[in-house]
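Asker: I'm passing along target.txt; it holds compact mmCIF, C-alpha atoms and all ligand atoms.
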# COMPACT_ATOMS: atom_id res chain seq x y z
CA MET U 1 -40.88 74.67 196.80
CA GLU U 2 -42.45 72.30 199.37
CA ASP U 3 -40.02 73.54 202.11
CA ASP U 4 -41.25 77.11 201.90
CA ARG U 5 -44.87 76.22 202.46
CA TYR U 6 -46.88 76.58 205.61
CA LEU U 7 -46.79 73.39 207.71
CA PRO U 8 -49.78 73.02 210.07
CA THR U 9 -48.78 71.62 213.45
CA MET U 10 -52.25 71.04 214.86
CA LEU U 11 -55.21 69.00 213.77
CA SER U 12 -57.72 71.77 213.14
CA PRO U 13 -59.92 71.09 210.11
CA LYS U 14 -62.73 73.63 209.78
CA SER U 15 -65.17 70.98 208.57
CA VAL U 16 -65.31 67.23 208.96
CA LEU U 17 -67.69 64.48 207.89
CA ILE U 18 -67.71 61.18 209.78
CA THR U 19 -69.72 58.12 208.71
CA GLY U 20 -71.21 55.70 211.22
CA SER U 21 -71.06 58.24 214.02
CA ASN U 22 -74.03 57.02 216.07
CA ARG U 23 -71.97 54.49 218.07
CA GLY U 24 -68.55 52.97 218.58
CA ILE U 25 -65.46 54.67 217.21
CA GLY U 26 -67.50 57.06 215.05
CA LEU U 27 -69.36 58.50 218.06
CA GLU U 28 -66.04 58.91 219.88
CA PHE U 29 -64.63 60.88 216.92
CA VAL U 30 -67.46 63.38 217.42
CA ARG U 31 -66.86 63.56 221.19
CA GLN U 32 -63.11 64.14 220.81
CA PHE U 33 -63.41 66.72 218.03
CA LEU U 34 -65.61 68.73 220.40
CA LYS U 35 -62.84 68.70 223.03
CA PHE U 36 -60.34 70.41 220.70
CA ALA U 37 -59.12 73.87 221.71
CA ASP U 38 -60.02 74.87 218.15
CA PRO U 39 -62.88 72.51 217.24
CA PRO U 40 -64.19 72.26 213.69
CA LYS U 41 -66.81 74.84 212.74
CA TYR U 42 -68.84 72.04 211.18
CA ILE U 43 -68.94 68.42 212.33
CA PHE U 44 -71.19 66.43 210.01
CA ALA U 45 -71.97 63.39 212.12
CA SER U 46 -73.64 60.98 209.77
CA CYS U 47 -75.53 57.77 210.49
CA ARG U 48 -78.18 55.69 208.76
CA LEU U 49 -80.94 56.26 211.32
CA PRO U 50 -80.67 59.68 213.01
CA GLU U 51 -84.05 59.11 214.68
CA LYS U 52 -82.49 56.21 216.65
CA ALA U 53 -79.12 57.90 217.31
CA SER U 54 -80.02 59.07 220.81
CA GLU U 55 -76.49 59.67 222.17
CA LEU U 56 -75.49 61.60 219.08
CA THR U 57 -78.61 63.76 219.01
CA GLU U 58 -78.11 64.55 222.71
CA ILE U 59 -74.60 65.81 221.89
CA ALA U 60 -75.93 67.88 218.98
CA LYS U 61 -78.49 69.60 221.24
CA THR U 62 -75.71 71.32 223.18
CA SER U 63 -73.13 71.60 220.37
CA PRO U 64 -74.41 73.70 217.46
CA CYS U 65 -71.42 72.75 215.29
CA VAL U 66 -72.64 69.13 215.23
CA HIS U 67 -74.98 68.49 212.30
CA VAL U 68 -76.54 65.04 212.48
CA ILE U 69 -77.19 63.90 208.93
CA LYS U 70 -78.71 60.77 207.45
CA LEU U 71 -76.27 58.72 205.39
CA ASP U 72 -76.45 55.02 204.55
CA VAL U 73 -73.03 54.28 203.06
CA ALA U 74 -74.44 51.41 201.01
CA ASP U 75 -77.12 53.54 199.30
CA HIS U 76 -76.07 55.89 196.51
CA SER U 77 -79.14 58.13 196.70
CA SER U 78 -78.62 58.50 200.46
CA ILE U 79 -75.00 59.56 199.80
CA LYS U 80 -76.14 62.13 197.20
CA ASN U 81 -78.78 63.53 199.56
CA ALA U 82 -76.21 63.86 202.35
CA LYS U 83 -73.83 65.67 200.01
CA ALA U 84 -76.57 68.18 199.11
CA VAL U 85 -77.21 68.85 202.81
CA VAL U 86 -73.49 69.33 203.57
CA ALA U 87 -72.98 71.56 200.51
CA SER U 88 -75.88 73.81 201.55
CA VAL U 89 -74.25 74.37 204.95
CA VAL U 90 -70.60 74.86 203.97
CA GLU U 91 -71.41 76.76 200.75
CA ASP U 92 -68.22 77.30 198.72
CA ASN U 93 -65.82 76.48 201.58
CA GLY U 94 -66.04 72.76 200.89
CA ILE U 95 -65.04 70.16 203.48
CA ASN U 96 -61.56 69.53 204.82
CA LEU U 97 -61.78 66.05 206.24
CA LEU U 98 -63.84 63.00 205.30
CA ILE U 99 -63.54 60.06 207.70
CA ASN U 100 -64.96 56.89 206.19
CA ASN U 101 -65.52 55.10 209.50
CA ALA U 102 -68.74 53.06 209.06
CA GLY U 103 -68.04 49.37 208.77
CA THR U 104 -69.49 45.91 209.13
CA TYR U 105 -68.03 42.61 210.35
CA ARG U 106 -69.07 39.03 211.10
CA ALA U 107 -66.67 37.05 213.26
CA ASP U 108 -67.65 33.52 212.20
CA ALA U 109 -67.41 33.77 208.39
CA ASP U 110 -65.16 30.89 207.36
CA ILE U 111 -64.74 28.88 204.15
CA TYR U 112 -67.65 26.57 205.13
CA ASN U 113 -70.32 29.17 205.80
CA VAL U 114 -69.28 32.24 203.80
CA SER U 115 -72.15 33.37 201.56
CA TRP U 116 -72.64 35.56 198.48
CA GLU U 117 -74.90 37.82 200.54
CA GLU U 118 -72.36 38.38 203.30
CA MET U 119 -69.56 39.02 200.78
CA ARG U 120 -71.72 41.53 198.90
CA ARG U 121 -72.88 43.27 202.07
CA ASN U 122 -69.32 43.67 203.36
CA PHE U 123 -68.08 44.95 200.02
CA ASP U 124 -70.97 47.43 199.86
CA VAL U 125 -70.36 48.87 203.33
CA ASN U 126 -66.59 48.52 203.76
CA ALA U 127 -65.26 49.15 200.25
CA ILE U 128 -67.75 50.42 197.66
CA GLY U 129 -69.46 52.81 200.09
CA PRO U 130 -66.24 54.67 201.02
CA LEU U 131 -65.37 54.89 197.31
CA MET U 132 -68.75 56.29 196.27
CA ILE U 133 -68.77 58.72 199.21
CA SER U 134 -65.32 59.92 198.17
CA GLN U 135 -66.53 60.35 194.58
CA THR U 136 -69.70 62.20 195.61
CA PHE U 137 -67.96 64.51 198.09
CA LEU U 138 -64.97 65.14 195.81
CA PRO U 139 -66.21 68.56 194.62
CA LEU U 140 -66.39 69.69 198.27
CA LEU U 141 -62.92 68.32 199.06
CA LYS U 142 -61.56 70.08 195.95
CA GLN U 143 -63.13 73.35 197.06
CA ALA U 144 -61.46 73.04 200.47
CA ALA U 145 -58.10 72.13 198.90
CA GLY U 146 -58.39 75.09 196.52
CA ARG U 147 -58.75 77.48 199.45
CA LYS U 148 -55.42 76.30 200.91
CA LYS U 149 -53.52 75.94 197.65
CA ASP U 150 -50.22 77.07 199.18
CA GLU U 151 -50.31 74.59 202.06
CA VAL U 152 -48.87 71.09 201.95
CA MET U 153 -51.30 68.15 202.04
CA SER U 154 -52.86 67.61 205.46
CA CYS U 155 -56.10 66.81 207.27
CA ASN U 156 -56.56 70.57 207.79
CA LYS U 157 -56.46 71.17 204.03
CA ALA U 158 -58.33 68.29 202.37
CA ALA U 159 -58.14 64.61 203.23
CA ILE U 160 -59.94 61.28 203.00
CA ILE U 161 -59.18 58.96 205.92
CA ASN U 162 -60.41 55.43 205.47
CA ILE U 163 -60.74 53.55 208.75
CA SER U 164 -59.28 50.23 207.75
CA SER U 165 -58.27 47.19 209.78
CA ASP U 166 -55.21 45.04 210.32
CA PHE U 167 -57.50 42.25 209.03
CA GLY U 168 -57.34 43.90 205.58
CA SER U 169 -53.60 43.37 205.34
CA ILE U 170 -52.50 40.54 203.05
CA THR U 171 -49.03 40.70 204.63
CA GLU U 172 -50.46 40.16 208.15
CA ASN U 173 -53.12 37.61 207.13
CA PHE U 174 -53.84 34.48 209.19
CA GLY U 175 -56.95 33.23 207.34
CA ARG U 176 -60.79 33.08 207.74
CA LEU U 177 -63.10 36.14 207.92
CA TYR U 178 -63.45 36.26 204.12
CA PRO U 179 -66.07 39.04 203.82
CA TYR U 180 -64.35 41.42 206.22
CA ARG U 181 -60.75 40.74 205.18
CA ALA U 182 -61.49 40.87 201.45
CA SER U 183 -63.61 44.03 201.69
CA LYS U 184 -61.03 45.85 203.83
CA ALA U 185 -58.26 44.76 201.45
CA ALA U 186 -60.39 46.22 198.62
CA GLN U 187 -60.83 49.40 200.67
CA ASN U 188 -57.05 49.55 201.05
CA MET U 189 -56.60 49.35 197.27
CA ILE U 190 -59.20 52.10 196.88
CA THR U 191 -57.24 54.26 199.37
CA SER U 192 -54.07 53.68 197.38
CA CYS U 193 -55.79 54.53 194.05
CA LEU U 194 -57.37 57.66 195.52
CA SER U 195 -54.01 58.83 196.86
CA ILE U 196 -52.55 58.61 193.36
CA ASP U 197 -55.55 60.02 191.49
CA LEU U 198 -56.18 62.96 193.85
CA LYS U 199 -52.55 63.98 194.36
CA ALA U 200 -52.78 66.73 191.76
CA ASP U 201 -55.82 68.13 193.58
CA GLY U 202 -53.88 68.36 196.86
CA ILE U 203 -56.15 65.82 198.58
CA LEU U 204 -54.45 63.40 200.98
CA CYS U 205 -55.83 59.83 201.20
CA THR U 206 -54.61 57.40 203.83
CA ALA U 207 -55.84 54.28 205.63
CA VAL U 208 -55.69 53.92 209.43
CA HIS U 209 -56.21 50.80 211.56
CA PRO U 210 -57.81 52.00 214.83
CA GLY U 211 -56.65 49.08 217.01
CA TRP U 212 -58.72 46.27 218.51
CA VAL U 213 -61.36 48.38 220.17
CA LYS U 214 -64.10 47.70 222.75
CA THR U 215 -67.16 48.39 220.58
CA ASP U 216 -70.05 46.25 219.33
CA MET U 217 -67.68 45.15 216.57
CA GLY U 218 -64.53 44.62 218.64
CA GLY U 219 -66.35 43.00 221.58
CA PRO U 220 -65.67 43.24 225.32
CA ASN U 221 -62.31 41.43 225.17
CA ALA U 222 -60.77 44.00 222.84
CA LYS U 223 -57.53 45.66 223.92
CA ILE U 224 -58.39 49.37 223.97
CA SER U 225 -61.28 51.74 224.65
CA THR U 226 -62.84 53.99 222.01
CA GLU U 227 -61.16 56.95 223.78
CA GLU U 228 -57.70 55.38 223.40
CA SER U 229 -58.45 54.37 219.83
CA VAL U 230 -59.53 57.81 218.65
CA SER U 231 -56.64 59.51 220.50
CA GLY U 232 -54.30 57.18 218.62
CA VAL U 233 -55.96 57.88 215.27
CA PHE U 234 -55.76 61.64 215.92
CA ALA U 235 -52.04 61.30 216.75
CA ILE U 236 -51.58 59.79 213.28
CA LEU U 237 -53.76 62.41 211.57
CA ARG U 238 -51.68 65.20 213.12
CA LYS U 239 -48.55 63.71 211.58
CA LEU U 240 -50.01 63.43 208.07
CA GLN U 241 -48.34 66.42 206.48
CA GLY U 242 -46.98 66.45 202.97
CA GLU U 243 -47.70 64.32 199.94
CA GLU U 244 -45.39 61.52 201.12
CA GLU U 245 -47.99 60.84 203.86
CA SER U 246 -50.71 60.13 201.30
CA GLY U 247 -51.30 56.50 200.27
CA LYS U 248 -50.12 55.07 203.60
CA TYR U 249 -51.66 52.34 205.78
CA TYR U 250 -51.03 53.19 209.42
CA ASP U 251 -51.45 51.17 212.59
CA SER U 252 -52.58 53.85 215.05
CA THR U 253 -51.64 51.69 218.05
CA SER U 254 -47.95 51.57 217.14
CA GLY U 255 -47.63 54.53 214.77
CA LYS U 256 -46.06 52.15 212.25
CA VAL U 257 -46.98 51.57 208.63
CA PHE U 258 -48.47 48.15 207.72
CA GLY U 259 -47.55 46.10 204.69
CA TRP U 260 -50.62 46.18 202.40
N1 LIG T 301 -63.66 47.68 216.83
C1 LIG T 301 -62.53 47.17 216.35
O1 LIG T 301 -61.83 46.41 217.03
C2 LIG T 301 -62.06 47.54 214.97
C3 LIG T 301 -60.83 47.02 214.54
C4 LIG T 301 -60.36 47.36 213.28
C5 LIG T 301 -61.10 48.20 212.48
N2 LIG T 301 -62.28 48.70 212.91
C6 LIG T 301 -63.03 49.58 212.00
O2 LIG T 301 -63.43 50.75 212.69
C7 LIG T 301 -64.64 51.25 212.11
C8 LIG T 301 -65.66 51.51 213.22
O3 LIG T 301 -65.89 50.27 213.89
P1 LIG T 301 -66.59 50.15 215.32
O4 LIG T 301 -65.77 49.26 216.11
O5 LIG T 301 -66.97 51.49 215.82
O6 LIG T 301 -67.90 49.34 214.88
P2 LIG T 301 -69.38 49.33 215.47
O7 LIG T 301 -69.39 49.73 216.89
O8 LIG T 301 -69.95 48.02 215.06
O9 LIG T 301 -70.09 50.50 214.64
C9 LIG T 301 -70.21 50.36 213.26
C10 LIG T 301 -70.76 51.66 212.72
O10 LIG T 301 -70.88 51.54 211.30
C11 LIG T 301 -72.22 51.89 210.97
N3 LIG T 301 -72.70 51.28 209.73
C12 LIG T 301 -72.76 49.97 209.41
N4 LIG T 301 -73.34 49.83 208.20
C13 LIG T 301 -73.66 51.08 207.78
C14 LIG T 301 -74.27 51.62 206.62
N5 LIG T 301 -74.70 50.84 205.62
N6 LIG T 301 -74.40 52.96 206.52
C15 LIG T 301 -73.99 53.77 207.52
N7 LIG T 301 -73.41 53.33 208.64
C16 LIG T 301 -73.25 52.01 208.76
C17 LIG T 301 -73.05 51.46 212.16
O11 LIG T 301 -74.33 52.07 212.10
P3 LIG T 301 -75.69 51.30 212.62
O12 LIG T 301 -75.76 51.57 214.08
O13 LIG T 301 -76.76 51.94 211.82
O14 LIG T 301 -75.50 49.83 212.32
C18 LIG T 301 -72.16 51.96 213.28
O15 LIG T 301 -72.31 53.35 213.44
C19 LIG T 301 -65.09 50.19 211.10
O16 LIG T 301 -64.72 50.59 209.80
C20 LIG T 301 -64.32 48.96 211.51
O17 LIG T 301 -64.11 48.07 210.45
C21 LIG T 301 -62.78 48.40 214.14
Before anything else, please render the file you have as structure tokens.
Ligand SMILES: NC(=O)c1ccc[n+]([C@@H]2O[C@H](COP(=O)([O-])OP(=O)(O)OC[C@H]3O[C@@H](n4cnc5c(N)ncnc54)[C@H](OP(=O)(O)O)[C@@H]3O)[C@@H](O)[C@H]2O)c1
Answerer:
Amino acid sequence: MEDDRYLPTMLSPKSVLITGSNRGIGLEFVRQFLKFADPPKYIFASCRLPEKASELTEIAKTSPCVHVIKLDVADHSSIKNAKAVVASVVEDNGINLLINNAGTYRADADIYNVSWEEMRRNFDVNAIGPLMISQTFLPLLKQAAGRKKDEVMSCNKAAIINISSDFGSITENFGRLYPYRASKAAQNMITSCLSIDLKADGILCTAVHPGWVKTDMGGPNAKISTEESVSGVFAILRKLQGEEESGKYYDSTSGKVFGW
């Protein structure tokens, strides 16, 4: 019976993998995980060019739980190499939380200038990458879920969180931005499919919009800082408990669920 099971009240995954963690929201995820009273034992902070990720490598120097790993989300062999590195560290404990955060965006893509190349690039990074990462890391997520068989679904047990965008919502659409909108809408469908297909394995899959955030992507006029954004995302992640929370599309700024 679901009611009799242990319900975690805190966000305290033992291991987490974040993509695109060299800057922006991804870097802030790393910073805020480190501030937890009970921080993860392993934070796999991935990025495509660790040798250029100066802020992240500085953090890792003083935080032994931070493992900076190379991962280009649009390159399958890079994903497989990263999985091998993570697996060698966590051994048979698996990983509890995968945050597919890396993303790409071009503000001026309209019907007149949208190109095949830009569409393909956005689909690779924003939609296909998160899917192939989820597929590749699935054995590790299953291992983690298997170790907490008696717990309800949560980010402490085993979860895939896809950082989506309000621009991926067909319900909220106001046109333009074809590569970004279409690839995030595809990512949303992938999140929904994963939530159905991985339910039996006890793996939660949900999409979260992080707000309009002051990063290279969001620009200086955005509404919130990375600190506010990640605090908001964490507030959502804490609430994701039980299988009814899988397959959702949350707006972390309001706590409400978007129409797909
Ligand atoms: N900022 C906003 O207002 C906003 C709003 C809604 C949703 N989001 C979503 O939030 C997430 C983070 O956005 P952000 O604002 O932090 O963006 P950002 O500052 O532009 O950072 C994007 C991150 O994605 C990484 N990335 C891009 N292509 C990659 C690839 N092929 N492999 C690995 N990493 C790659 C970048 O790495 P490099 O440094 O190597 O390029 C960088 O770490 C994205 O999914 C975005 O769509 C952001």
Asker: Just want the residues within 7 Å of ligand LIG 301 (chain T), written as a PyMOL selection string, counting all atoms listed in the file.
Answerer: chain U and resi 19-26+47-49+71-74+101-105+125-126+163-166+209-218+222
Asker: Please list as a ChimeraX atom specification every residue within 9 Å of Ser192 (chain U), counting only C-alpha atoms and excluding residues in the same chain fewer than 2 positions away.
Answerer: /U:187-190,194-197,205-207,246-249
Asker: Which residue gives the smallest distance to Gln143 (chain U) among U:Lys256, U:Arg176, U:Arg120, U:Lys157, with all atoms listed in the file counted?
Answerer: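 Of all the options, U:Lys157 lies closest to Gln143 (chain U).
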Asker: Which residues, written as JSON, numbers by chain, have at least one atom at most 7 Å from Val68 (chain U), with all atoms listed in the file counted and residues fewer than 5 positions away on the same chain left out?
Answerer: {"U": [44, 45, 46, 50, 57]}
Asker: Which of these residues is nearest to Asp251 (chain U), using all atoms listed in the file: U:Phe36, U:Phe167, U:Tyr180, U:Tyr112?
Answerer: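 Result for the nearest residue to Asp251 (chain U): U:Phe167.
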Asker: Could you work out how far CA of Met132 (chain U) lies from CA of Ile79 (chain U), giving the answer in Å with one decimal?
Answerer: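 Interatomic distance here is 7.9 Å.
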Asker: Using all atoms listed in the file, determine which residues lie at most 12 Å from Pro139 (chain U), disregarding the query and same-chain residues fewer than 2 positions distant; provide the list as a PyMOL selection string.
Answerer: chain U and resi 83-84+86-87+91-96+133-137+141-146+158+198+201+203
Asker: Can you work out which one of U:Leu177, U:Leu98, U:Cys193, U:Val85 has the shortest atom-to-atom distance to Phe29 (chain U), counting only C-alpha atoms?
Answerer: U:Leu98
Asker: Output, as JSON, the centre and edge lengths in Å (one decimal) of the axis-aligned box that contains all listed atoms of region 134-144 of chain U with 3 Å of margin on each side.
Answerer:
{"center_x": -65.6, "center_y": 66.6, "center_z": 197.5, "size_x": 14.2, "size_y": 19.4, "size_z": 11.9}
Asker: Of the residues U:Met10, U:Ile170, U:Ile59, U:Leu17, which is the one nearest to Lys41 (chain U), using all atoms listed in the file?
Answerer: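 Looking only at the distances to Lys41 (chain U), the closest residue turns out to be U:Leu17.
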Asker: Rounded to one decimal, what separation in Å do you get between CA of Asn173 (chain U) and CA of Ala107 (chain U)?
Answerer: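 Going from CA of Asn173 (chain U) over to CA of Ala107 (chain U), I get 14.9 Å.
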